[in-house]
>>> print(open('data_34.txt').read())   # compact mmCIF, C-alpha atoms
# COMPACT_ATOMS: atom_id res chain seq x y z
CA MET H 1 130.89 91.64 85.29
CA LYS H 2 127.58 89.90 84.73
CA LYS H 3 124.75 91.28 86.81
CA MET H 4 122.89 88.92 89.10
CA ALA H 5 119.48 88.07 87.71
CA THR H 6 116.39 88.71 89.76
CA ARG H 7 112.85 87.40 89.48
CA SER H 8 110.27 89.92 88.36
CA SER H 9 108.41 89.23 91.61
CA ASP H 10 111.39 90.23 93.71
CA VAL H 11 110.85 93.73 95.02
CA VAL H 12 114.38 93.92 96.40
CA PRO H 13 117.11 92.44 94.14
CA ARG H 14 118.58 89.24 95.54
CA ASN H 15 122.06 90.69 95.60
CA THR H 16 120.89 93.21 98.20
CA TRP H 17 119.13 90.70 100.44
CA ALA H 18 122.09 90.60 102.83
CA GLY H 19 121.62 94.30 103.53
CA LEU H 20 117.88 93.84 103.95
CA ILE H 21 118.42 90.98 106.40
CA LEU H 22 120.86 93.11 108.39
CA VAL H 23 118.38 95.99 108.61
CA LEU H 24 115.58 93.67 109.69
CA LEU H 25 117.81 92.05 112.33
CA VAL H 26 118.68 95.49 113.76
CA LEU H 27 114.98 96.39 113.83
CA ALA H 28 114.15 93.06 115.48
CA GLY H 29 116.82 93.60 118.13
CA ALA H 30 115.54 97.09 118.90
CA MET H 31 111.95 95.87 118.98
CA PHE H 32 112.63 93.03 121.42
CA TRP H 33 114.66 95.40 123.59
CA PHE H 34 111.59 97.64 123.72
CA ILE H 35 109.31 94.72 124.58
CA ASP H 36 111.65 93.56 127.33
CA HIS H 37 112.33 96.99 128.86
CA SER H 38 109.06 98.85 128.28
CA ALA H 39 106.15 96.56 127.40
CA LEU H 40 106.49 93.46 129.58
CA ARG H 41 106.45 95.48 132.79
CA TYR H 42 102.76 96.19 132.23
CA THR H 43 101.91 92.50 132.49
CA THR H 44 102.07 93.14 136.26
CA PHE H 45 98.63 94.68 136.62
CA ASP H 46 98.81 96.95 139.67
CA ALA H 47 98.91 100.65 140.50
CA GLY H 48 102.57 100.56 141.51
CA THR H 49 103.68 99.30 138.10
CA TYR H 50 101.42 101.56 136.04
CA GLY H 51 102.09 104.73 138.04
CA GLU H 52 100.46 107.75 136.37
CA PHE H 53 98.88 105.47 133.78
CA TRP H 54 96.82 103.54 136.33
CA PRO H 55 93.68 105.72 135.93
CA ARG H 56 93.97 105.24 132.14
CA ARG H 57 95.03 101.59 132.21
CA LEU H 58 92.08 100.46 130.09
CA GLY H 59 93.50 102.58 127.29
CA LEU H 60 97.15 101.71 127.85
CA VAL H 61 96.77 97.92 127.83
CA PRO H 62 95.14 97.64 124.36
CA HIS H 63 97.56 100.29 123.09
CA ILE H 64 100.58 98.20 124.10
CA PHE H 65 99.00 94.97 122.85
CA GLY H 66 98.04 96.47 119.50
CA GLY H 67 101.40 98.18 119.05
CA VAL H 68 103.43 95.07 119.83
CA LEU H 69 101.20 92.93 117.58
CA ALA H 70 101.68 95.38 114.71
CA ALA H 71 105.43 95.70 115.32
CA VAL H 72 106.07 91.94 115.33
CA SER H 73 103.78 91.02 112.43
CA GLY H 74 104.90 94.07 110.45
CA LEU H 75 108.54 93.06 110.63
CA VAL H 76 107.71 89.69 109.06
CA GLN H 77 105.53 91.48 106.52
CA LEU H 78 108.43 93.67 105.45
CA TRP H 79 110.52 90.61 104.68
CA LEU H 80 107.70 88.85 102.82
CA GLY H 81 106.62 91.91 100.89
CA LEU H 82 110.07 93.14 99.88
CA THR H 83 111.16 89.70 98.68
CA GLY H 84 108.03 89.01 96.66
CA ARG H 85 106.54 86.40 99.00
CA THR H 86 102.99 87.71 98.85
CA GLY H 87 101.02 84.49 99.22
CA PHE H 88 98.76 83.09 101.93
CA LEU H 89 100.96 83.95 104.93
CA HIS H 90 101.48 87.52 103.74
CA ARG H 91 97.75 88.10 103.35
CA ARG H 92 96.91 86.59 106.74
CA LEU H 93 99.63 88.54 108.53
CA GLY H 94 98.38 91.66 106.78
CA ARG H 95 95.07 91.22 108.57
CA VAL H 96 96.89 90.68 111.87
CA TYR H 97 98.91 93.86 111.28
CA LEU H 98 95.77 95.83 110.44
CA ALA H 99 94.06 94.58 113.61
CA GLY H 100 97.07 95.62 115.70
CA VAL H 101 97.14 99.11 114.18
CA THR H 102 93.37 99.51 114.62
CA VAL H 103 93.47 98.60 118.31
CA GLY H 104 96.71 100.47 118.98
CA SER H 105 95.70 103.69 117.21
CA ALA H 106 92.20 103.83 118.72
CA SER H 107 93.66 103.59 122.22
CA ALA H 108 96.44 106.04 121.23
CA PHE H 109 93.82 108.69 120.48
CA TYR H 110 92.25 108.06 123.86
CA LEU H 111 95.58 108.33 125.67
CA ALA H 112 96.55 111.52 123.82
CA LEU H 113 93.21 113.19 124.55
CA THR H 114 93.29 112.34 128.25
CA ILE H 115 96.77 113.68 129.01
CA ASP H 116 96.83 116.54 131.50
CA HIS H 117 96.19 119.87 129.71
CA GLN H 118 99.49 121.21 131.07
CA ASP H 119 101.24 118.75 128.74
CA PHE H 120 99.42 119.99 125.65
CA ALA H 121 102.47 119.97 123.36
CA TYR H 122 103.34 116.41 124.38
CA ALA H 123 99.75 115.31 123.81
CA ALA H 124 99.69 117.03 120.41
CA GLY H 125 102.75 115.09 119.29
CA LEU H 126 101.20 111.77 120.31
CA PHE H 127 97.90 112.74 118.66
CA GLY H 128 99.84 113.48 115.46
CA LEU H 129 101.52 110.08 115.75
CA ALA H 130 98.13 108.37 115.99
CA CYS H 131 96.91 110.32 112.94
CA ALA H 132 100.00 109.35 110.94
CA TRP H 133 99.50 105.72 111.96
CA VAL H 134 95.92 105.68 110.71
CA ILE H 135 96.63 107.60 107.50
CA THR H 136 99.65 105.57 106.35
CA THR H 137 98.00 102.24 107.14
CA SER H 138 94.73 103.28 105.51
CA MET H 139 96.57 104.26 102.35
CA ALA H 140 98.34 100.88 102.32
CA LEU H 141 94.98 99.12 102.62
CA TYR H 142 93.36 101.32 99.97
CA SER H 143 96.25 100.70 97.57
CA VAL H 144 96.18 96.91 97.85
CA ARG H 145 92.40 96.79 97.46
CA ASN H 146 92.82 98.72 94.21
CA ARG H 147 95.67 96.41 93.18
CA ALA H 148 98.17 99.28 93.17
CA LEU H 149 100.81 96.94 94.55
CA GLU H 150 103.82 99.24 94.24
CA GLN H 151 102.00 101.99 96.12
CA HIS H 152 100.90 99.41 98.67
CA ARG H 153 104.51 98.43 99.38
CA GLU H 154 105.56 102.05 99.76
CA TRP H 155 102.69 102.91 102.11
CA MET H 156 103.35 99.79 104.15
CA ILE H 157 106.96 100.91 104.62
CA ARG H 158 105.70 104.30 105.82
CA SER H 159 103.14 102.61 108.05
CA TYR H 160 105.79 100.43 109.68
CA VAL H 161 108.06 103.44 110.18
CA VAL H 162 105.22 104.98 112.20
CA THR H 163 104.53 101.70 114.04
CA PHE H 164 108.21 101.57 115.01
CA ALA H 165 108.00 105.11 116.40
CA PHE H 166 107.21 103.67 119.84
CA VAL H 167 110.53 101.83 119.81
CA THR H 168 112.32 104.89 118.40
CA PHE H 169 110.89 107.03 121.19
CA ARG H 170 112.21 104.79 123.97
CA LEU H 171 115.59 104.17 122.36
CA VAL H 172 116.35 107.85 121.78
CA GLU H 173 114.99 108.75 125.21
CA LYS H 174 117.34 106.15 126.73
CA LEU H 175 120.28 107.77 124.92
CA LEU H 176 119.37 111.41 125.64
CA MET H 177 118.34 111.29 129.28
CA PRO H 178 121.85 110.64 130.71
CA LEU H 179 123.18 113.62 128.72
CA ASN H 180 121.01 116.08 130.71
CA ILE H 181 120.56 118.27 127.66
CA ALA H 182 117.06 119.28 128.78
CA ALA H 183 114.45 118.54 131.40
CA PRO H 184 112.93 115.05 131.02
CA MET H 185 109.52 116.44 130.02
CA GLU H 186 111.12 118.65 127.37
CA VAL H 187 112.91 115.62 125.91
CA ASP H 188 109.69 113.61 125.86
CA THR H 189 107.78 116.48 124.24
CA MET H 190 110.39 116.73 121.49
CA LEU H 191 110.32 112.97 120.96
CA ALA H 192 106.52 112.91 120.78
CA PHE H 193 106.93 114.69 117.43
CA ALA H 194 110.39 113.55 116.35
CA CYS H 195 109.91 109.79 116.90
CA TRP H 196 107.62 109.56 113.86
CA SER H 197 108.16 112.70 111.78
CA VAL H 198 111.96 112.40 111.49
CA PRO H 199 111.94 108.68 110.52
CA LEU H 200 109.22 109.40 107.94
CA LEU H 201 111.33 112.24 106.53
CA LEU H 202 114.43 110.04 106.35
CA SER H 203 112.62 107.06 104.84
CA GLU H 204 110.99 109.02 102.02
CA PRO H 205 114.19 109.64 100.00
CA LEU H 206 114.95 105.90 100.26
CA ILE H 207 111.48 105.02 98.98
CA GLN H 208 111.82 107.44 96.08
CA TRP H 209 115.37 106.27 95.29
CA ARG H 210 114.14 102.68 95.17
CA ARG H 211 111.35 103.69 92.78
CA MET H 212 113.76 105.51 90.45
CA HIS H 213 116.28 102.64 90.66
CA PHE H 214 113.74 100.06 89.53
CA ARG H 215 112.42 102.27 86.74
CA HIS H 216 115.97 102.71 85.47
CA HIS H 217 116.56 98.95 85.39
CA GLN H 218 113.29 98.00 83.72
>>> encode(input="data_34.txt", output="structure tokens")
Amino acid sequence: MKKMATRSSDVVPRNTWAGLILVLLVLAGAMFWFIDHSALRYTTFDAGTYGEFWPRRLGLVPHIFGGVLAAVSGLVQLWLGLTGRTGFLHRRLGRVYLAGVTVGSASAFYLALTIDHQDFAYAAGLFGLACAWVITTSMALYSVRNRALEQHREWMIRSYVVTFAFVTFRLVEKLLMPLNIAAPMEVDTMLAFACWSVPLLLSEPLIQWRRMHFRHHQ
């Protein structure tokens, strides 16, 4: 059987685009569920809505805004980058994504450092998430500025995995809480680490497999 030809600019072969579209649609569905169930509530700016976050609302609001901006623009960036569409729109959205991560991570550090000291483990997990967000995105930026485009794509995938950790946190929390497997705070503490470290661990073999696959077919 004759193999389907692909353009050299295509990062993902065209015969696998259906799978890529399916993955992106699942991510989009999860992201908009998160926005609807977790983010939009904070557009009602009062103490009753914010609860324990009310004293730290000036950190939470930019954190949500930056995170949502990065999540939405990053999803489009994944499609553009992985299908070789790296023109004007991709570059402009890259700046939007970077702005979202910058605002979201700066406020994430503030939120992590101002959590009650009794929740130290939970705060440490969120601080680690903020560090991972900055490191992966910085490496993506450094790579593209040095025209290491393949490394840029890989670091952008890692960066978006970390960006999506906020959605992962809420989705897994929604699934685990009804099971009563642990106290709510214990579940949240576990997820503060697992929501970004586990997805990064799972995504790395896929990134390396893709690299080996393309080397084999060159």
>>> atom_distance(input="data_34.txt", atom1="atom CA of H:Thr189", atom2="atom CA of H:Ala140")
28.5 Å
>>> closest_atom_pairs(input="data_34.txt", of="stretch 102-204 of chain H", to="stretch 37-42 of chain H", cutoff="12 Å", atoms="only C-alpha atoms", output="CSV")
residue,atom,partner,partner_atom,distance
H:Phe166,CA,H:Ser38,CA,9.9
H:Val167,CA,H:Ser38,CA,9.1
H:Phe169,CA,H:Ser38,CA,11.0
H:Arg170,CA,H:Ser38,CA,8.0
H:Leu171,CA,H:His37,CA,10.2
H:Glu173,CA,H:Ser38,CA,11.9
H:Lys174,CA,H:His37,CA,10.7
>>> closest_residue(input="data_34.txt", among="H:Leu191, H:Ala106, H:His117, H:Leu75", to="H:Val26", atoms="only C-alpha atoms")
H:Leu75
>>> atom_distance(input="data_34.txt", atom1="atom CA of H:Glu186", atom2="atom CA of H:Phe53")
19.1 Å
>>> closest_residue(input="data_34.txt", among="H:Arg210, H:Phe32, H:Asp188, H:Cys195", to="H:Asp119", atoms="all atoms listed in the file")
H:Asp188
>>> residues_around(input="data_34.txt", residues="H:Ser203", least_positions_apart="6", cutoff="12 Å", atoms="only C-alpha atoms", output="list in words")
Glu154, Trp155, Met156, Ile157, Arg158, Ser159, Tyr160, Val161, Val162, Trp196, Ser197, Trp209 and Arg210 of chain H
>>> closest_residue(input="data_34.txt", among="H:Leu113, H:Pro55, H:Ala108, H:Ser143", to="H:Cys131", atoms="only C-alpha atoms")
H:Ala108
>>> build_atoms(input="data_34.txt", residues="stretch 156-192 of chain H", atoms="N, CA and C atoms", output="PDB file, in the coordinates of the input")
ATOM      1  N   MET H 156     103.096 100.701 103.044  1.00  0.00           N
ATOM      2  CA  MET H 156     103.350  99.790 104.150  1.00  0.00           C
ATOM      3  C   MET H 156     104.687 100.102 104.819  1.00  0.00           C
ATOM      4  N   ILE H 157     105.679 100.503 104.036  1.00  0.00           N
ATOM      5  CA  ILE H 157     106.960 100.910 104.620  1.00  0.00           C
ATOM      6  C   ILE H 157     106.737 102.133 105.517  1.00  0.00           C
ATOM      7  N   ARG H 158     105.988 103.102 105.012  1.00  0.00           N
ATOM      8  CA  ARG H 158     105.700 104.300 105.820  1.00  0.00           C
ATOM      9  C   ARG H 158     104.907 103.925 107.071  1.00  0.00           C
ATOM     10  N   SER H 159     103.933 103.036 106.906  1.00  0.00           N
ATOM     11  CA  SER H 159     103.140 102.610 108.050  1.00  0.00           C
ATOM     12  C   SER H 159     104.010 101.958 109.111  1.00  0.00           C
ATOM     13  N   TYR H 160     104.946 101.108 108.685  1.00  0.00           N
ATOM     14  CA  TYR H 160     105.790 100.430 109.680  1.00  0.00           C
ATOM     15  C   TYR H 160     106.769 101.402 110.324  1.00  0.00           C
ATOM     16  N   VAL H 161     107.213 102.403 109.589  1.00  0.00           N
ATOM     17  CA  VAL H 161     108.060 103.440 110.180  1.00  0.00           C
ATOM     18  C   VAL H 161     107.316 104.103 111.345  1.00  0.00           C
ATOM     19  N   VAL H 162     106.016 104.370 111.145  1.00  0.00           N
ATOM     20  CA  VAL H 162     105.220 104.980 112.200  1.00  0.00           C
ATOM     21  C   VAL H 162     104.977 103.981 113.334  1.00  0.00           C
ATOM     22  N   THR H 163     104.690 102.729 113.004  1.00  0.00           N
ATOM     23  CA  THR H 163     104.530 101.700 114.040  1.00  0.00           C
ATOM     24  C   THR H 163     105.770 101.613 114.912  1.00  0.00           C
ATOM     25  N   PHE H 164     106.939 101.699 114.283  1.00  0.00           N
ATOM     26  CA  PHE H 164     108.210 101.570 115.010  1.00  0.00           C
ATOM     27  C   PHE H 164     108.542 102.816 115.820  1.00  0.00           C
ATOM     28  N   ALA H 165     107.732 103.871 115.673  1.00  0.00           N
ATOM     29  CA  ALA H 165     108.000 105.110 116.400  1.00  0.00           C
ATOM     30  C   ALA H 165     108.018 104.898 117.904  1.00  0.00           C
ATOM     31  N   PHE H 166     107.232 103.930 118.403  1.00  0.00           N
ATOM     32  CA  PHE H 166     107.210 103.670 119.840  1.00  0.00           C
ATOM     33  C   PHE H 166     108.567 103.165 120.317  1.00  0.00           C
ATOM     34  N   VAL H 167     109.187 102.327 119.482  1.00  0.00           N
ATOM     35  CA  VAL H 167     110.530 101.830 119.810  1.00  0.00           C
ATOM     36  C   VAL H 167     111.537 102.956 119.684  1.00  0.00           C
ATOM     37  N   THR H 168     111.420 103.755 118.611  1.00  0.00           N
ATOM     38  CA  THR H 168     112.320 104.890 118.400  1.00  0.00           C
ATOM     39  C   THR H 168     112.276 105.852 119.579  1.00  0.00           C
ATOM     40  N   PHE H 169     111.071 106.129 120.059  1.00  0.00           N
ATOM     41  CA  PHE H 169     110.890 107.030 121.190  1.00  0.00           C
ATOM     42  C   PHE H 169     111.720 106.558 122.392  1.00  0.00           C
ATOM     43  N   ARG H 170     111.539 105.301 122.779  1.00  0.00           N
ATOM     44  CA  ARG H 170     112.210 104.790 123.970  1.00  0.00           C
ATOM     45  C   ARG H 170     113.718 104.662 123.795  1.00  0.00           C
ATOM     46  N   LEU H 171     114.155 104.286 122.599  1.00  0.00           N
ATOM     47  CA  LEU H 171     115.590 104.170 122.360  1.00  0.00           C
ATOM     48  C   LEU H 171     116.286 105.525 122.449  1.00  0.00           C
ATOM     49  N   VAL H 172     115.734 106.524 121.767  1.00  0.00           N
ATOM     50  CA  VAL H 172     116.350 107.850 121.780  1.00  0.00           C
ATOM     51  C   VAL H 172     116.254 108.466 123.169  1.00  0.00           C
ATOM     52  N   GLU H 173     115.135 108.258 123.838  1.00  0.00           N
ATOM     53  CA  GLU H 173     114.990 108.750 125.210  1.00  0.00           C
ATOM     54  C   GLU H 173     116.067 108.137 126.107  1.00  0.00           C
ATOM     55  N   LYS H 174     116.314 106.844 125.933  1.00  0.00           N
ATOM     56  CA  LYS H 174     117.340 106.150 126.730  1.00  0.00           C
ATOM     57  C   LYS H 174     118.723 106.751 126.493  1.00  0.00           C
ATOM     58  N   LEU H 175     118.979 107.193 125.252  1.00  0.00           N
ATOM     59  CA  LEU H 175     120.280 107.770 124.920  1.00  0.00           C
ATOM     60  C   LEU H 175     120.408 109.215 125.392  1.00  0.00           C
ATOM     61  N   LEU H 176     119.311 109.987 125.334  1.00  0.00           N
ATOM     62  CA  LEU H 176     119.370 111.410 125.640  1.00  0.00           C
ATOM     63  C   LEU H 176     119.308 111.731 127.127  1.00  0.00           C
ATOM     64  N   MET H 177     118.556 110.954 127.873  1.00  0.00           N
ATOM     65  CA  MET H 177     118.340 111.290 129.280  1.00  0.00           C
ATOM     66  C   MET H 177     119.641 111.422 130.079  1.00  0.00           C
ATOM     67  N   PRO H 178     120.618 110.492 129.927  1.00  0.00           N
ATOM     68  CA  PRO H 178     121.850 110.640 130.710  1.00  0.00           C
ATOM     69  C   PRO H 178     122.676 111.867 130.339  1.00  0.00           C
ATOM     70  N   LEU H 179     122.415 112.459 129.162  1.00  0.00           N
ATOM     71  CA  LEU H 179     123.180 113.620 128.720  1.00  0.00           C
ATOM     72  C   LEU H 179     122.729 114.912 129.402  1.00  0.00           C
ATOM     73  N   ASN H 180     121.545 114.896 130.007  1.00  0.00           N
ATOM     74  CA  ASN H 180     121.010 116.080 130.710  1.00  0.00           C
ATOM     75  C   ASN H 180     120.989 117.322 129.826  1.00  0.00           C
ATOM     76  N   ILE H 181     120.582 117.125 128.568  1.00  0.00           N
ATOM     77  CA  ILE H 181     120.560 118.270 127.660  1.00  0.00           C
ATOM     78  C   ILE H 181     119.295 119.116 127.847  1.00  0.00           C
ATOM     79  N   ALA H 182     118.306 118.556 128.512  1.00  0.00           N
ATOM     80  CA  ALA H 182     117.060 119.280 128.780  1.00  0.00           C
ATOM     81  C   ALA H 182     116.313 118.557 129.885  1.00  0.00           C
ATOM     82  N   ALA H 183     115.280 119.186 130.397  1.00  0.00           N
ATOM     83  CA  ALA H 183     114.450 118.540 131.400  1.00  0.00           C
ATOM     84  C   ALA H 183     113.765 117.317 130.783  1.00  0.00           C
ATOM     85  N   PRO H 184     113.540 116.271 131.571  1.00  0.00           N
ATOM     86  CA  PRO H 184     112.930 115.050 131.020  1.00  0.00           C
ATOM     87  C   PRO H 184     111.649 115.303 130.241  1.00  0.00           C
ATOM     88  N   MET H 185     110.767 116.185 130.735  1.00  0.00           N
ATOM     89  CA  MET H 185     109.520 116.440 130.020  1.00  0.00           C
ATOM     90  C   MET H 185     109.766 117.132 128.697  1.00  0.00           C
ATOM     91  N   GLU H 186     110.795 117.981 128.625  1.00  0.00           N
ATOM     92  CA  GLU H 186     111.120 118.650 127.370  1.00  0.00           C
ATOM     93  C   GLU H 186     111.632 117.631 126.349  1.00  0.00           C
ATOM     94  N   VAL H 187     112.423 116.679 126.802  1.00  0.00           N
ATOM     95  CA  VAL H 187     112.910 115.620 125.910  1.00  0.00           C
ATOM     96  C   VAL H 187     111.740 114.804 125.387  1.00  0.00           C
ATOM     97  N   ASP H 188     110.830 114.412 126.275  1.00  0.00           N
ATOM     98  CA  ASP H 188     109.690 113.610 125.860  1.00  0.00           C
ATOM     99  C   ASP H 188     108.777 114.369 124.904  1.00  0.00           C
ATOM    100  N   THR H 189     108.611 115.669 125.131  1.00  0.00           N
ATOM    101  CA  THR H 189     107.780 116.480 124.240  1.00  0.00           C
ATOM    102  C   THR H 189     108.398 116.532 122.844  1.00  0.00           C
ATOM    103  N   MET H 190     109.707 116.733 122.779  1.00  0.00           N
ATOM    104  CA  MET H 190     110.390 116.730 121.490  1.00  0.00           C
ATOM    105  C   MET H 190     110.234 115.391 120.792  1.00  0.00           C
ATOM    106  N   LEU H 191     110.403 114.304 121.551  1.00  0.00           N
ATOM    107  CA  LEU H 191     110.320 112.970 120.960  1.00  0.00           C
ATOM    108  C   LEU H 191     108.906 112.610 120.526  1.00  0.00           C
ATOM    109  N   ALA H 192     107.899 113.191 121.167  1.00  0.00           N
ATOM    110  CA  ALA H 192     106.520 112.910 120.780  1.00  0.00           C
ATOM    111  C   ALA H 192     106.272 113.306 119.323  1.00  0.00           C
TER     112      ALA H 192
END
